Amino acid sequence: MKEKFYISTAIAYTSSKPHIGNTYEIVLADAIARYKRLSGYDVYFQTGTDEHGQKIEVKAMEKGVTPQEYVDEIAKEIKNIWDLMNTSYDKFVRTTDKEHEKKVQKIFKKLYDLGDIYKGEYNGLYCTPCESFWTESQLVDGKCPDCGREVKEATEEAYFLRTSKYSKWLENYILEHPGFIEPESRKNEIMNNFIKPGLQDLCVSRTSFKWGIPVDFDPKHVVYVWIDALSNYITFLGYDVDGSTKEFEKYWPCDIHLIGKDILRFHTIYWPIMLHILNLPLPKKIFGHPWLLFGDDKMSKSKGNIVYADDLVHEFGVDAVRFYMLHEIPFASDGNFTRELLIDAINGTLANVIGNLVNRTIGMINKYFDGVVENKNICEEIDTEFKEFVLGQKKIIDEKIDNLRVSDALEEVINIFRKSNKYIDETMPWVLAKDESKRDRLATVIYNLIEAIRIGSVLLEAFLPTTSEKIFYQINTDKTSFDSILKFGGYVSGTKVNKPEVLFQRIEN
């Protein structure tokens with residue numbers, strides 16, 4: 001049996017169309033999921049939309065439609081963008097799904113029956129856009145610490161989750177499971193700012209709006225967003241208080257929850273406590289990825305600096321945008337987006353390194369051998385070093401992916417193409433072509449290049465799937481599995497290549 005691997009993104013909030021910062025998360029998760037599938041894992045990859053809350057109720061009212069009509073439209077737009085970005089999710093979930101709603105009601109009731117949810121009154125400061133309550137001490141300059149907007153005083157009857165009861169348990173769990181929260185800087189932030197000072201009980205129901213899942217035993221309350229939204233990771237997999245499915249038993253616990261650093265608190269504090277009370281295993285890892293900034297500034301509508309992935313795709317192509325997201329954003333610190341940086345990445349790496357290598361190699365095959373690649377095995381010392389480098393990259397890339405260093409992993413793939421360009425410069429096929437006695441040596445050099453391109457393209461497939469497909473077609477190979485790149489020489493000698501086509505057009509900046 002294949003080893004299972006369950007990866008999820010946070011579910012996108014249906015208050016508005018997602019910008020490229022939101023889209024970055026799904027593309028990052030997709031690269032990891034694709035690489036794991038190619039490595040032989042049985043992958044389950046879940047994403048979707050979070051569709052309840054006061055913010056949506058207000059926006060729907062402003063637009064003159066029902067909340068359901070509003071979220072239907074936005075959810076469709078989000079799914080279209082995820083599909084446009086060529087993401088290979090296994091399930092796209094929506095929290096307005098009726099089965100999910102029933103299961104959330106059961107989860108709420110079970111937590112209540114166990115004594116870990118109780119009724120009380122909330123007096124505090126509330127941020128509507130973030131749907132978060134804050135204490136005075138948590139505010140930054142008197143405003144919401146997450147989004148910087150104004151907060152309002154709120155008083156209402158509410159149910160609370162006894163998170164304070166589990167403060168010490170959670171602290172110990174995190175200390176005993178060092179890889180549970182990553183990167184390390186995020187873990188330290190959660191521990192020092194929230195857990196060690198002692199947790200406050202969490203407000204888990206609201207009465208001031210209606211667009212949510214009703215608490216079935218007290219219908220004037222709706223289940224607050226975090227119990228509703230966080231439960232998606234188990235409800236759509238088949239968890240049910242009254243008995244779960246085989247699919248749930250197979251894939252849970254999740255291997256990676258991939259989320260934005262701004263919602264790390266909910267995933268690393270409230271979600272583990274909920275699971276612990278329900279007597280379920282915790283996710284193996286919660287990774288708070290960095291933000292994608294616009295010219296070093298956070299994207300926001302008020303600043304007018306929002307960029308949408310679909311606009312970029314229509315101008316530059318899917319794989320160019322995927323490449324930028326996957327290669328240019330560091331492991332643990334915020335990345336930066338500008339059109340100039342995107343164009344530099346397309347010209348400098350995609351066109352100059354990958355596109356140029358494939359084009360010139362196929363050009364030489366057509367020029368010197370009428371399009372036929374043959375391995376004559378006339379080897380020199382330089383070939384050994386070249387082959388060892390190309391074959392050695394997979395192990396390095398495996399390790400980078402296992403450590404979620406996706407940008408570094410993609411850089412190691414690109415290094416195969418860089419090394420191949422250097423190999424051309426060092427072997428100088430144009431000089432060999434002038435000497436008839438070197439014809440078999442020339443054929444060997446060309447074969448080594450095509451095989452390196454094939455191996456590089458197999459490893460590139462998780463990151464830039466469309467580009468890999470185009471290269472496989474141009475070099476005319478069906479040897480595209482990870483098993484086929486464990487040895488050098490998988491490209492079939494005697495194969496005739498197809499017509500070369502430009503993979504990435506250089507762009508005038």
# chains A, B, ... in the order shown; residues from 1 in each chain; ligands from 1
call {"tool": "residues_around", "arguments": {"residues": "A:Gly48", "least_positions_apart": "3", "cutoff": "12 Å", "atoms": "only C-alpha atoms", "output": "ChimeraX atom specification"}}
result
/A:8-14,23,25-26,45,51,74-83,89-97,229-230,232-233,236
call {"tool": "write_last_selection", "arguments": {"atoms": "C-alpha atoms", "output": "PDB file, in the first residue's frame"}}
result
ATOM      1  CA  SER A   8      -4.769  21.192   3.135  1.00  0.00           C
ATOM      2  CA  THR A   9      -4.816  24.904   2.557  1.00  0.00           C
ATOM      3  CA  ALA A  10      -6.841  27.277   4.670  1.00  0.00           C
ATOM      4  CA  ILE A  11     -10.262  27.746   3.113  1.00  0.00           C
ATOM      5  CA  ALA A  12     -10.542  31.096   1.325  1.00  0.00           C
ATOM      6  CA  TYR A  13     -12.975  33.590   2.828  1.00  0.00           C
ATOM      7  CA  THR A  14     -15.760  34.461   0.378  1.00  0.00           C
ATOM      8  CA  THR A  23      -3.465  32.451  -4.557  1.00  0.00           C
ATOM      9  CA  GLU A  25      -1.022  29.439  -0.800  1.00  0.00           C
ATOM     10  CA  ILE A  26      -2.923  27.126  -3.160  1.00  0.00           C
ATOM     11  CA  PHE A  45      -5.248  17.542  -1.179  1.00  0.00           C
ATOM     12  CA  GLU A  51     -18.708  31.108   3.615  1.00  0.00           C
ATOM     13  CA  ILE A  74     -17.476  34.433  -4.929  1.00  0.00           C
ATOM     14  CA  ALA A  75     -16.927  30.690  -4.371  1.00  0.00           C
ATOM     15  CA  LYS A  76     -17.307  30.134  -8.113  1.00  0.00           C
ATOM     16  CA  GLU A  77     -14.732  32.870  -8.783  1.00  0.00           C
ATOM     17  CA  ILE A  78     -12.273  31.379  -6.276  1.00  0.00           C
ATOM     18  CA  LYS A  79     -12.631  27.888  -7.763  1.00  0.00           C
ATOM     19  CA  ASN A  80     -12.126  29.289 -11.268  1.00  0.00           C
ATOM     20  CA  ILE A  81      -8.862  30.951 -10.199  1.00  0.00           C
ATOM     21  CA  TRP A  82      -7.631  27.779  -8.454  1.00  0.00           C
ATOM     22  CA  ASP A  83      -8.400  25.862 -11.682  1.00  0.00           C
ATOM     23  CA  TYR A  89      -6.764  19.527  -5.444  1.00  0.00           C
ATOM     24  CA  ASP A  90      -8.762  16.357  -4.739  1.00  0.00           C
ATOM     25  CA  LYS A  91     -11.661  18.134  -3.059  1.00  0.00           C
ATOM     26  CA  PHE A  92     -12.952  21.715  -3.159  1.00  0.00           C
ATOM     27  CA  VAL A  93     -15.144  22.220  -0.092  1.00  0.00           C
ATOM     28  CA  ARG A  94     -17.730  24.854   0.820  1.00  0.00           C
ATOM     29  CA  THR A  95     -18.876  25.474   4.384  1.00  0.00           C
ATOM     30  CA  THR A  96     -22.464  26.127   3.256  1.00  0.00           C
ATOM     31  CA  ASP A  97     -22.621  22.422   2.370  1.00  0.00           C
ATOM     32  CA  ALA A 229     -14.356  26.845   9.391  1.00  0.00           C
ATOM     33  CA  LEU A 230     -11.705  24.779  11.175  1.00  0.00           C
ATOM     34  CA  ASN A 232     -13.793  21.544   7.416  1.00  0.00           C
ATOM     35  CA  TYR A 233     -10.515  19.627   7.622  1.00  0.00           C
ATOM     36  CA  PHE A 236     -15.425  16.746   4.434  1.00  0.00           C
TER      37      PHE A 236
END
call {"tool": "select_by_dssp", "arguments": {"residues": "stretch 105-142 of chain A", "states": "strand (DSSP E)", "output": "PyMOL selection string"}}
result
chain A and resi 117-127+132-134
call {"tool": "write_last_selection", "arguments": {"atoms": "N, CA and C atoms", "output": "PDB file, in the first residue's frame"}}
result
ATOM      1  N   ILE A 117     -17.926  23.591  26.419  1.00  0.00           N
ATOM      2  CA  ILE A 117     -18.570  24.817  25.934  1.00  0.00           C
ATOM      3  C   ILE A 117     -19.615  25.207  26.973  1.00  0.00           C
ATOM      4  N   TYR A 118     -19.645  26.487  27.326  1.00  0.00           N
ATOM      5  CA  TYR A 118     -20.615  26.973  28.312  1.00  0.00           C
ATOM      6  C   TYR A 118     -21.180  28.316  27.854  1.00  0.00           C
ATOM      7  N   LYS A 119     -22.366  28.675  28.375  1.00  0.00           N
ATOM      8  CA  LYS A 119     -22.998  29.948  28.007  1.00  0.00           C
ATOM      9  C   LYS A 119     -22.551  31.053  28.958  1.00  0.00           C
ATOM     10  N   GLY A 120     -22.295  32.232  28.368  1.00  0.00           N
ATOM     11  CA  GLY A 120     -21.892  33.383  29.171  1.00  0.00           C
ATOM     12  C   GLY A 120     -22.232  34.664  28.429  1.00  0.00           C
ATOM     13  N   GLU A 121     -21.540  35.735  28.759  1.00  0.00           N
ATOM     14  CA  GLU A 121     -21.769  37.013  28.090  1.00  0.00           C
ATOM     15  C   GLU A 121     -20.431  37.584  27.663  1.00  0.00           C
ATOM     16  N   TYR A 122     -20.385  38.089  26.433  1.00  0.00           N
ATOM     17  CA  TYR A 122     -19.130  38.656  25.948  1.00  0.00           C
ATOM     18  C   TYR A 122     -19.147  40.172  26.068  1.00  0.00           C
ATOM     19  N   ASN A 123     -18.123  40.699  26.691  1.00  0.00           N
ATOM     20  CA  ASN A 123     -17.904  42.140  26.737  1.00  0.00           C
ATOM     21  C   ASN A 123     -16.491  42.374  26.233  1.00  0.00           C
ATOM     22  N   GLY A 124     -16.376  42.997  25.110  1.00  0.00           N
ATOM     23  CA  GLY A 124     -15.030  43.185  24.578  1.00  0.00           C
ATOM     24  C   GLY A 124     -15.010  44.030  23.335  1.00  0.00           C
ATOM     25  N   LEU A 125     -13.896  43.955  22.650  1.00  0.00           N
ATOM     26  CA  LEU A 125     -13.665  44.758  21.445  1.00  0.00           C
ATOM     27  C   LEU A 125     -13.653  43.841  20.249  1.00  0.00           C
ATOM     28  N   TYR A 126     -14.431  44.204  19.232  1.00  0.00           N
ATOM     29  CA  TYR A 126     -14.656  43.301  18.095  1.00  0.00           C
ATOM     30  C   TYR A 126     -14.239  43.956  16.789  1.00  0.00           C
ATOM     31  N   CYS A 127     -13.500  43.189  15.963  1.00  0.00           N
ATOM     32  CA  CYS A 127     -13.124  43.642  14.618  1.00  0.00           C
ATOM     33  C   CYS A 127     -13.974  42.877  13.611  1.00  0.00           C
ATOM     34  N   SER A 132     -12.913  38.875  14.797  1.00  0.00           N
ATOM     35  CA  SER A 132     -12.118  38.515  15.973  1.00  0.00           C
ATOM     36  C   SER A 132     -12.417  39.451  17.142  1.00  0.00           C
ATOM     37  N   PHE A 133     -12.443  38.853  18.344  1.00  0.00           N
ATOM     38  CA  PHE A 133     -12.554  39.626  19.574  1.00  0.00           C
ATOM     39  C   PHE A 133     -11.159  39.863  20.142  1.00  0.00           C
ATOM     40  N   TRP A 134     -10.972  41.044  20.745  1.00  0.00           N
ATOM     41  CA  TRP A 134      -9.670  41.388  21.327  1.00  0.00           C
ATOM     42  C   TRP A 134      -9.849  42.025  22.696  1.00  0.00           C
TER      43      TRP A 134
END
call {"tool": "closest_residue", "arguments": {"among": "A:Val318, A:Leu237, A:Leu275, A:Met191", "to": "A:His100", "atoms": "only C-alpha atoms"}}
result
A:Leu237
call {"tool": "residues_around", "arguments": {"residues": "stretch 336-343 of chain A", "least_positions_apart": "4", "cutoff": "12 Å", "atoms": "only C-alpha atoms", "output": "NGL selection string"}}
result
:A and (19-21 or 24 or 290-299 or 305-309 or 311-313 or 315-317 or 319-330 or 347-351 or 504-509)
call {"tool": "closest_residue", "arguments": {"among": "A:Leu114, A:Ala33, A:Val390, A:Val502", "to": "A:Asp255", "atoms": "only C-alpha atoms"}}
result
A:Ala33
call {"tool": "closest_residue", "arguments": {"among": "A:Gly490, A:Pro178, A:Pro18, A:Gly212", "to": "A:Trp226", "atoms": "only C-alpha atoms"}}
result
A:Gly212
call {"tool": "select_by_dssp", "arguments": {"residues": "stretch 404-493 of chain A", "states": "helix (DSSP H, G or I)", "output": "NGL selection string"}}
result
:A and (406-427 or 429-432 or 436-460 or 465-475 or 482-485)
call {"tool": "atom_distance", "arguments": {"atom1": "atom CA of A:Ser484", "atom2": "atom CA of A:Lys400"}}
result
20.5 Å
call {"tool": "residues_around", "arguments": {"residues": "A:Asp146", "least_positions_apart": "5", "cutoff": "10 Å", "atoms": "only C-alpha atoms", "output": "list in words"}}
result
Cys127, Pro129, Cys130, Ser132, Leu139, Val140, Asp262 and Ile263 of chain A
call {"tool": "write_last_selection", "arguments": {"atoms": "C-alpha atoms", "output": "mmCIF file, in the first residue's frame"}}
result
data_model
loop_
_atom_site.group_PDB
_atom_site.id
_atom_site.type_symbol
_atom_site.label_atom_id
_atom_site.label_comp_id
_atom_site.auth_asym_id
_atom_site.auth_seq_id
_atom_site.Cartn_x
_atom_site.Cartn_y
_atom_site.Cartn_z
ATOM 1 C CA CYS A 127 -13.124 43.642 14.618
ATOM 2 C CA PRO A 129 -13.435 42.375 8.989
ATOM 3 C CA CYS A 130 -11.325 39.832 10.936
ATOM 4 C CA SER A 132 -12.118 38.515 15.973
ATOM 5 C CA LEU A 139 -4.725 46.144 20.424
ATOM 6 C CA VAL A 140 -1.969 47.935 18.518
ATOM 7 C CA ASP A 262 -2.084 35.794 9.982
ATOM 8 C CA ILE A 263 -4.390 32.882 10.951
#
call {"tool": "closest_atom_pairs", "arguments": {"of": "stretch 329-425 of chain A", "to": "stretch 436-453 of chain A", "cutoff": "8 Å", "atoms": "only C-alpha atoms", "output": "JSON lines"}}
result
{"residue": "A:Val358", "atom": "CA", "partner": "A:Ile453", "partner_atom": "CA", "distance": 7.2}
{"residue": "A:Thr361", "atom": "CA", "partner": "A:Leu449", "partner_atom": "CA", "distance": 7.2}
{"residue": "A:Met364", "atom": "CA", "partner": "A:Ile446", "partner_atom": "CA", "distance": 7.9}
{"residue": "A:Ile365", "atom": "CA", "partner": "A:Ile446", "partner_atom": "CA", "distance": 7.1}
{"residue": "A:Val373", "atom": "CA", "partner": "A:Tyr447", "partner_atom": "CA", "distance": 6.0}
{"residue": "A:Glu374", "atom": "CA", "partner": "A:Ala443", "partner_atom": "CA", "distance": 6.1}
{"residue": "A:Asn375", "atom": "CA", "partner": "A:Thr444", "partner_atom": "CA", "distance": 5.2}
{"residue": "A:Lys376", "atom": "CA", "partner": "A:Thr444", "partner_atom": "CA", "distance": 5.4}
{"residue": "A:Asn377", "atom": "CA", "partner": "A:Thr444", "partner_atom": "CA", "distance": 5.7}
{"residue": "A:Ile378", "atom": "CA", "partner": "A:Arg441", "partner_atom": "CA", "distance": 5.2}
{"residue": "A:Cys379", "atom": "CA", "partner": "A:Thr444", "partner_atom": "CA", "distance": 7.1}
{"residue": "A:Asp383", "atom": "CA", "partner": "A:Asn448", "partner_atom": "CA", "distance": 7.8}
{"residue": "A:Lys387", "atom": "CA", "partner": "A:Ala452", "partner_atom": "CA", "distance": 7.8}
{"residue": "A:Val390", "atom": "CA", "partner": "A:Ala452", "partner_atom": "CA", "distance": 6.5}
{"residue": "A:Ile416", "atom": "CA", "partner": "A:Ala452", "partner_atom": "CA", "distance": 7.1}
{"residue": "A:Phe417", "atom": "CA", "partner": "A:Ile453", "partner_atom": "CA", "distance": 6.8}
{"residue": "A:Ser420", "atom": "CA", "partner": "A:Leu449", "partner_atom": "CA", "distance": 6.4}
call {"tool": "atom_distance", "arguments": {"atom1": "atom CA of A:Pro283", "atom2": "atom CA of A:Ser333"}}
result
23.2 Å
call {"tool": "residues_around", "arguments": {"residues": "stretch 463-479 of chain A", "least_positions_apart": "5", "cutoff": "6 Å", "atoms": "only C-alpha atoms", "output": "ChimeraX atom specification"}}
result
/A:31,319,457,497-498,500
call {"tool": "residues_around", "arguments": {"residues": "A:Ile174", "least_positions_apart": "2", "cutoff": "12 Å", "atoms": "only C-alpha atoms", "output": "PDB file with N, CA and C atoms, in the first residue's frame"}}
result
ATOM      1  N   SER A 167      -4.612  25.239  28.447  1.00  0.00           N
ATOM      2  CA  SER A 167      -3.435  26.060  28.175  1.00  0.00           C
ATOM      3  C   SER A 167      -2.137  25.287  28.441  1.00  0.00           C
ATOM      4  N   LYS A 168      -2.056  24.652  29.584  1.00  0.00           N
ATOM      5  CA  LYS A 168      -0.832  23.927  29.966  1.00  0.00           C
ATOM      6  C   LYS A 168      -0.652  22.688  29.096  1.00  0.00           C
ATOM      7  N   TRP A 169      -1.774  21.991  28.821  1.00  0.00           N
ATOM      8  CA  TRP A 169      -1.688  20.800  27.957  1.00  0.00           C
ATOM      9  C   TRP A 169      -1.103  21.183  26.600  1.00  0.00           C
ATOM     10  N   LEU A 170      -1.605  22.287  26.017  1.00  0.00           N
ATOM     11  CA  LEU A 170      -1.149  22.699  24.686  1.00  0.00           C
ATOM     12  C   LEU A 170       0.322  23.105  24.714  1.00  0.00           C
ATOM     13  N   GLU A 171       0.709  23.832  25.751  1.00  0.00           N
ATOM     14  CA  GLU A 171       2.118  24.242  25.871  1.00  0.00           C
ATOM     15  C   GLU A 171       3.028  23.018  25.894  1.00  0.00           C
ATOM     16  N   ASN A 172       2.664  22.013  26.675  1.00  0.00           N
ATOM     17  CA  ASN A 172       3.459  20.783  26.762  1.00  0.00           C
ATOM     18  C   ASN A 172       3.489  20.032  25.433  1.00  0.00           C
ATOM     19  N   GLU A 176       6.781  19.126  23.271  1.00  0.00           N
ATOM     20  CA  GLU A 176       7.108  17.708  23.028  1.00  0.00           C
ATOM     21  C   GLU A 176       7.085  17.343  21.548  1.00  0.00           C
ATOM     22  N   HIS A 177       6.525  18.200  20.695  1.00  0.00           N
ATOM     23  CA  HIS A 177       6.448  17.947  19.248  1.00  0.00           C
ATOM     24  C   HIS A 177       7.069  19.133  18.513  1.00  0.00           C
ATOM     25  N   PRO A 178       8.414  19.171  18.454  1.00  0.00           N
ATOM     26  CA  PRO A 178       9.098  20.365  17.928  1.00  0.00           C
ATOM     27  C   PRO A 178       8.754  20.731  16.485  1.00  0.00           C
ATOM     28  N   GLY A 179       8.305  19.780  15.678  1.00  0.00           N
ATOM     29  CA  GLY A 179       7.965  20.092  14.284  1.00  0.00           C
ATOM     30  C   GLY A 179       6.509  20.443  14.062  1.00  0.00           C
ATOM     31  N   PHE A 180       5.736  20.536  15.148  1.00  0.00           N
ATOM     32  CA  PHE A 180       4.290  20.744  15.026  1.00  0.00           C
ATOM     33  C   PHE A 180       3.957  22.102  14.410  1.00  0.00           C
ATOM     34  N   ILE A 181       4.657  23.155  14.839  1.00  0.00           N
ATOM     35  CA  ILE A 181       4.450  24.499  14.269  1.00  0.00           C
ATOM     36  C   ILE A 181       5.740  24.933  13.579  1.00  0.00           C
ATOM     37  N   GLU A 182       5.635  25.310  12.338  1.00  0.00           N
ATOM     38  CA  GLU A 182       6.793  25.830  11.599  1.00  0.00           C
ATOM     39  C   GLU A 182       6.369  27.052  10.797  1.00  0.00           C
ATOM     40  N   GLU A 184      10.093  28.069  12.875  1.00  0.00           N
ATOM     41  CA  GLU A 184      10.387  28.232  14.289  1.00  0.00           C
ATOM     42  C   GLU A 184       9.978  29.612  14.818  1.00  0.00           C
ATOM     43  N   LYS A 187       6.384  29.626  15.709  1.00  0.00           N
ATOM     44  CA  LYS A 187       6.138  28.856  16.925  1.00  0.00           C
ATOM     45  C   LYS A 187       6.462  29.701  18.160  1.00  0.00           C
ATOM     46  N   ASN A 188       7.587  30.377  18.128  1.00  0.00           N
ATOM     47  CA  ASN A 188       7.990  31.208  19.264  1.00  0.00           C
ATOM     48  C   ASN A 188       6.977  32.325  19.525  1.00  0.00           C
ATOM     49  N   ILE A 190       3.717  32.294  18.832  1.00  0.00           N
ATOM     50  CA  ILE A 190       2.505  31.710  19.419  1.00  0.00           C
ATOM     51  C   ILE A 190       2.734  31.371  20.896  1.00  0.00           C
ATOM     52  N   MET A 191       3.864  30.744  21.171  1.00  0.00           N
ATOM     53  CA  MET A 191       4.160  30.336  22.554  1.00  0.00           C
ATOM     54  C   MET A 191       4.288  31.554  23.465  1.00  0.00           C
ATOM     55  N   ILE A 195       0.265  31.560  24.432  1.00  0.00           N
ATOM     56  CA  ILE A 195       0.076  30.383  25.294  1.00  0.00           C
ATOM     57  C   ILE A 195       0.677  30.579  26.678  1.00  0.00           C
ATOM     58  N   LYS A 196       1.930  31.015  26.747  1.00  0.00           N
ATOM     59  CA  LYS A 196       2.593  31.152  28.058  1.00  0.00           C
ATOM     60  C   LYS A 196       1.909  32.160  28.977  1.00  0.00           C
ATOM     61  N   THR A 268      -3.224  26.907  15.586  1.00  0.00           N
ATOM     62  CA  THR A 268      -2.263  26.318  16.524  1.00  0.00           C
ATOM     63  C   THR A 268      -2.729  26.362  17.975  1.00  0.00           C
ATOM     64  N   ILE A 269      -3.833  27.058  18.219  1.00  0.00           N
ATOM     65  CA  ILE A 269      -4.372  27.112  19.587  1.00  0.00           C
ATOM     66  C   ILE A 269      -5.758  26.481  19.642  1.00  0.00           C
ATOM     67  N   PRO A 272      -6.155  22.677  17.742  1.00  0.00           N
ATOM     68  CA  PRO A 272      -5.640  21.539  18.510  1.00  0.00           C
ATOM     69  C   PRO A 272      -6.473  21.241  19.760  1.00  0.00           C
ATOM     70  N   ILE A 273      -6.938  22.298  20.433  1.00  0.00           N
ATOM     71  CA  ILE A 273      -7.754  22.087  21.641  1.00  0.00           C
ATOM     72  C   ILE A 273      -9.072  21.403  21.286  1.00  0.00           C
ATOM     73  N   LEU A 282      -3.887  15.058  16.518  1.00  0.00           N
ATOM     74  CA  LEU A 282      -3.623  16.399  15.982  1.00  0.00           C
ATOM     75  C   LEU A 282      -2.902  16.309  14.648  1.00  0.00           C
ATOM     76  N   PRO A 283      -3.019  17.343  13.802  1.00  0.00           N
ATOM     77  CA  PRO A 283      -2.248  17.365  12.549  1.00  0.00           C
ATOM     78  C   PRO A 283      -0.762  17.210  12.855  1.00  0.00           C
ATOM     79  N   LYS A 284      -0.021  16.640  11.906  1.00  0.00           N
ATOM     80  CA  LYS A 284       1.411  16.431  12.137  1.00  0.00           C
ATOM     81  C   LYS A 284       2.182  17.751  12.081  1.00  0.00           C
ATOM     82  N   LYS A 285       1.738  18.656  11.209  1.00  0.00           N
ATOM     83  CA  LYS A 285       2.465  19.917  11.066  1.00  0.00           C
ATOM     84  C   LYS A 285       1.518  21.027  10.637  1.00  0.00           C
ATOM     85  N   ILE A 286       1.704  22.203  11.246  1.00  0.00           N
ATOM     86  CA  ILE A 286       0.983  23.409  10.826  1.00  0.00           C
ATOM     87  C   ILE A 286       2.040  24.417  10.390  1.00  0.00           C
TER      88      ILE A 286
END
call {"tool": "decode", "arguments": {"residues": "stretch 32-50 of chain A", "atoms": "N, CA and C atoms", "output": "PDB file, in the first residue's frame"}}
result
ATOM      1  N   ILE A  32       3.684  20.930  -3.562  1.00  0.00           N
ATOM      2  CA  ILE A  32       4.017  19.879  -2.592  1.00  0.00           C
ATOM      3  C   ILE A  32       3.206  18.622  -2.880  1.00  0.00           C
ATOM      4  N   ALA A  33       1.889  18.795  -3.123  1.00  0.00           N
ATOM      5  CA  ALA A  33       1.009  17.653  -3.405  1.00  0.00           C
ATOM      6  C   ALA A  33       1.454  16.913  -4.664  1.00  0.00           C
ATOM      7  N   ARG A  34       1.764  17.659  -5.724  1.00  0.00           N
ATOM      8  CA  ARG A  34       2.199  17.042  -6.980  1.00  0.00           C
ATOM      9  C   ARG A  34       3.517  16.276  -6.789  1.00  0.00           C
ATOM     10  N   TYR A  35       4.447  16.889  -6.052  1.00  0.00           N
ATOM     11  CA  TYR A  35       5.740  16.229  -5.850  1.00  0.00           C
ATOM     12  C   TYR A  35       5.567  14.930  -5.071  1.00  0.00           C
ATOM     13  N   LYS A  36       4.691  14.970  -4.066  1.00  0.00           N
ATOM     14  CA  LYS A  36       4.439  13.759  -3.273  1.00  0.00           C
ATOM     15  C   LYS A  36       3.778  12.668  -4.116  1.00  0.00           C
ATOM     16  N   ARG A  37       2.853  13.053  -4.998  1.00  0.00           N
ATOM     17  CA  ARG A  37       2.230  12.063  -5.891  1.00  0.00           C
ATOM     18  C   ARG A  37       3.284  11.423  -6.791  1.00  0.00           C
ATOM     19  N   LEU A  38       4.140  12.261  -7.377  1.00  0.00           N
ATOM     20  CA  LEU A  38       5.203  11.750  -8.245  1.00  0.00           C
ATOM     21  C   LEU A  38       6.156  10.845  -7.473  1.00  0.00           C
ATOM     22  N   SER A  39       6.292  11.094  -6.165  1.00  0.00           N
ATOM     23  CA  SER A  39       7.172  10.282  -5.317  1.00  0.00           C
ATOM     24  C   SER A  39       6.517   8.979  -4.880  1.00  0.00           C
ATOM     25  N   GLY A  40       5.241   8.782  -5.266  1.00  0.00           N
ATOM     26  CA  GLY A  40       4.574   7.511  -4.981  1.00  0.00           C
ATOM     27  C   GLY A  40       3.622   7.528  -3.805  1.00  0.00           C
ATOM     28  N   TYR A  41       3.346   8.699  -3.257  1.00  0.00           N
ATOM     29  CA  TYR A  41       2.411   8.786  -2.124  1.00  0.00           C
ATOM     30  C   TYR A  41       0.959   8.770  -2.610  1.00  0.00           C
ATOM     31  N   ASP A  42       0.085   8.280  -1.740  1.00  0.00           N
ATOM     32  CA  ASP A  42      -1.360   8.367  -1.949  1.00  0.00           C
ATOM     33  C   ASP A  42      -1.789   9.711  -1.353  1.00  0.00           C
ATOM     34  N   VAL A  43      -1.934  10.717  -2.217  1.00  0.00           N
ATOM     35  CA  VAL A  43      -2.126  12.097  -1.759  1.00  0.00           C
ATOM     36  C   VAL A  43      -3.599  12.474  -1.719  1.00  0.00           C
ATOM     37  N   TYR A  44      -3.988  13.145  -0.631  1.00  0.00           N
ATOM     38  CA  TYR A  44      -5.300  13.785  -0.549  1.00  0.00           C
ATOM     39  C   TYR A  44      -5.042  15.270  -0.294  1.00  0.00           C
ATOM     40  N   PHE A  45      -5.533  16.100  -1.195  1.00  0.00           N
ATOM     41  CA  PHE A  45      -5.248  17.542  -1.179  1.00  0.00           C
ATOM     42  C   PHE A  45      -6.589  18.272  -1.146  1.00  0.00           C
ATOM     43  N   GLN A  46      -6.871  18.970  -0.030  1.00  0.00           N
ATOM     44  CA  GLN A  46      -8.166  19.634   0.151  1.00  0.00           C
ATOM     45  C   GLN A  46      -8.015  21.150   0.253  1.00  0.00           C
ATOM     46  N   THR A  47      -8.930  21.836  -0.409  1.00  0.00           N
ATOM     47  CA  THR A  47      -9.008  23.288  -0.333  1.00  0.00           C
ATOM     48  C   THR A  47     -10.486  23.671  -0.414  1.00  0.00           C
ATOM     49  N   GLY A  48     -10.789  24.966  -0.457  1.00  0.00           N
ATOM     50  CA  GLY A  48     -12.198  25.336  -0.571  1.00  0.00           C
ATOM     51  C   GLY A  48     -12.468  26.729  -0.042  1.00  0.00           C
ATOM     52  N   THR A  49     -13.719  26.937   0.393  1.00  0.00           N
ATOM     53  CA  THR A  49     -14.154  28.280   0.790  1.00  0.00           C
ATOM     54  C   THR A  49     -14.872  28.288   2.134  1.00  0.00           C
ATOM     55  N   ASP A  50     -14.647  29.367   2.865  1.00  0.00           N
ATOM     56  CA  ASP A  50     -15.241  29.645   4.172  1.00  0.00           C
ATOM     57  C   ASP A  50     -16.339  30.685   3.925  1.00  0.00           C
TER      58      ASP A  50
END
